[in-house]
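As structure tokens, the structure follows; a few thoughts come after it.
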Amino acid sequence: MAVYDLVFSPTGGTKRVGDLFGNAFERERMFIDLTRRDEDFSAWSFCEKDVCMVSVPSYGGRAPAAALSRLEQMRGNGARAILLVVYGNRAYEDTFVELADTLERAGFLCIAGVAAVAEHSIMRQFAAGRPDQGDAKELAAFAKNIRSKIEAGTEPARVQLPGNRPYREYGGVPLKPKAGKACIRCGLCARECPVGAIPSADPSKTDEKICISCMRCIAICPQSARGVSKSLLMASSLMLKKACGGHKENQLFL
């Protein structure tokens, strides 16, 4: 049994959840970075004995289109998929079913799911510090349970996951990062943008039609030169305060 981490994590929160879960599998894992827009994902072909942990963030209750398009290029060949959906304490809505539909079209068998809370990638006051120690213990216990079932040959068949079809409409997030005066045009953000929304010829710019507001450019900028509108950020925080407040539990599906 080979184990793979298929991860779309622009700012690291989703990968942290995936690592907490995957480390408990106690097997060597191969990392596949779904944010790499220059990789040929069609070269990946799995077999039915493989286990693929597929970790994506939920953006407005949907799975990131860039991640889905890259997963669709792969050949699952019956490989077992564990879906990890990470959200910033609001809701994940149709992310599971959209991700599962994509994986099944690519030939994967979805056997389990985890809806995990992590610190919001834009408004970090929501779910601050998550995943915490309690989350880590819960994720590890669930991973060990799945592993033991697989090793015993009694793992479940196709898991039933929450969500609706057709998927909810998603018009994107109005918060688009822009470069300030501190930008030195080093080009790191242009190289690392998962969707190519920052032109390499002028990395101080952002193509707002392409940008998915993943905030990677802000997270990796060595000059802290990128940011979003403070007024829009404040307005969005107030709007989401009720929906994102409080402590939400992780949800496990097997």
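Following the order of the structure tokens, first chain is A, next is B, and so on, with residues numbered from 1 inside each chain and ligands from 1 in the order they appear.
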Distance table requested - range 139-171 of chain A against range 45-50 of chain A, cut-off 12 Å, only C-alpha atoms: one row per qualifying residue with the closest atom pair and its distance in Å to one decimal, ordered by chain and rising residue number, as a Markdown table.
| residue | atom | partner | partner_atom | distance |
| --- | --- | --- | --- | --- |
| A:Arg147 | CA | A:Asp50 | CA | 11.9 |
| A:Ile150 | CA | A:Lys49 | CA | 9.4 |
| A:Glu151 | CA | A:Lys49 | CA | 10.4 |
| A:Gly153 | CA | A:Lys49 | CA | 10.6 |
| A:Glu155 | CA | A:Lys49 | CA | 11.6 |
Atoms to include: C-alpha atoms. Write the selected residues as a PDB file, in the first residue's frame.
ATOM      1  CA  ARG A 147      -5.715   2.608   8.622  1.00  0.00           C
ATOM      2  CA  ILE A 150      -7.676  -0.897   5.473  1.00  0.00           C
ATOM      3  CA  GLU A 151      -4.977  -3.194   6.830  1.00  0.00           C
ATOM      4  CA  GLY A 153      -9.239  -5.615   4.592  1.00  0.00           C
ATOM      5  CA  GLU A 155     -12.462  -0.705   4.884  1.00  0.00           C
TER       6      GLU A 155
END
Within 10 Å of range 178-200 of chain A, which residues of range 14-69 of chain A come that close, and what is the closest atom pair and distance in Å for each? Count only C-alpha atoms and give it as a tab-separated table.
residue	atom	partner	partner_atom	distance
A:Leu34	CA	A:Pro194	CA	8.3
A:Thr35	CA	A:Pro194	CA	4.8
A:Arg36	CA	A:Pro194	CA	6.1
A:Arg37	CA	A:Pro194	CA	5.7
A:Asp38	CA	A:Pro194	CA	9.1
A:Ala65	CA	A:Val195	CA	9.7
A:Ala66	CA	A:Val195	CA	6.9
A:Ala67	CA	A:Pro194	CA	9.1
From the list A:Val17, A:Ala106, A:Val97, A:Ile111, which residue is nearest Phe253 in chain A when using only C-alpha atoms?
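Closest candidate: A:Ile111.
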Return as a Markdown table the residues of range 8-31 of chain A lying at most 10 Å from range 56-59 of chain A, together with the closest atom-to-atom pair for each and the distance in Å to one decimal, counting only C-alpha atoms, with rows in chain order and ascending residue number.
| residue | atom | partner | partner_atom | distance |
| --- | --- | --- | --- | --- |
| A:Phe8 | CA | A:Val56 | CA | 5.1 |
| A:Ser9 | CA | A:Val56 | CA | 6.6 |
| A:Pro10 | CA | A:Pro57 | CA | 9.0 |
| A:Gly13 | CA | A:Pro57 | CA | 8.4 |
| A:Thr14 | CA | A:Pro57 | CA | 6.1 |
| A:Lys15 | CA | A:Val56 | CA | 8.4 |
| A:Val17 | CA | A:Val56 | CA | 9.8 |
| A:Gly18 | CA | A:Val56 | CA | 9.1 |
Among range 23-218 of chain A, which ones does DSSP assign to strand (DSSP E or B) (computed from the backbone)? Answer as a count of residues only.
35
In Å and to one decimal, CA of Met30 in chain A is distant from CA of Met1 in chain A by 12.0 Å
Shell of 12 Å around Asp19 in chain A, only C-alpha atoms, local chain residues under 4 positions omitted, as an MDAnalysis selection string
chainID A and resid 4:7 9 12:15 23:31 53:55 84 131 136 139:140 143
Go through A:Met74, A:Val3, A:Leu68, A:Leu233 one by one, measure the shortest atom-to-atom distance of each to Trp44 in chain A using only C-alpha atoms, and give the residue with the smallest value.
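Nearest to Trp44 in chain A: A:Met74.
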Give the answer as one residue: which of A:Cys217, A:Ala116, A:Ala157, A:Ala63 has the shortest atom-to-atom distance to Arg130 in chain A, using only C-alpha atoms?
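With only C-alpha atoms as the atom set, the closest residue is A:Ala116.
You can rank A:Arg75, A:Lys205, A:Arg226, A:Lys242 by their closest distance to Arg105 in chain A using only C-alpha atoms, and at the top of that list sits A:Arg75.
Among A:Val85, A:Ala128, A:Val51, A:Leu99, the residue with the shortest atom-to-atom distance to Cys244 in chain A, counting only C-alpha atoms, is A:Ala128.
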Based on the backbone DSSP call, show me all residues of range 90-186 of chain A assigned helix (DSSP H, G or I), as an MDAnalysis selection string.
chainID A and resid 95:105 133:151
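The shortest atom-to-atom distance to Ala100 in chain A, with only C-alpha atoms taken into account, belongs to A:Gln160 out of A:Gln160, A:Ser224, A:Gln133, A:Ser231.
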Restrict the calculation to only C-alpha atoms, then for each residue of range 51-109 of chain A with any atom at most 10 Å from an atom of range 247-250 of chain A give the closest atom pair and their distance in Å to one decimal, rows by chain and rising residue number, as CSV.
residue,atom,partner,partner_atom,distance
A:Val86,CA,A:Asn250,CA,9.4
A:Tyr87,CA,A:Asn250,CA,9.9
A:Gly88,CA,A:Lys248,CA,9.8
A:Asn89,CA,A:Lys248,CA,6.4
A:Arg90,CA,A:Lys248,CA,8.6
A:Ala91,CA,A:Lys248,CA,9.5
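Relative to CA of Ala115 in chain A, CA of Glu93 in chain A is found at 10.3 Å.
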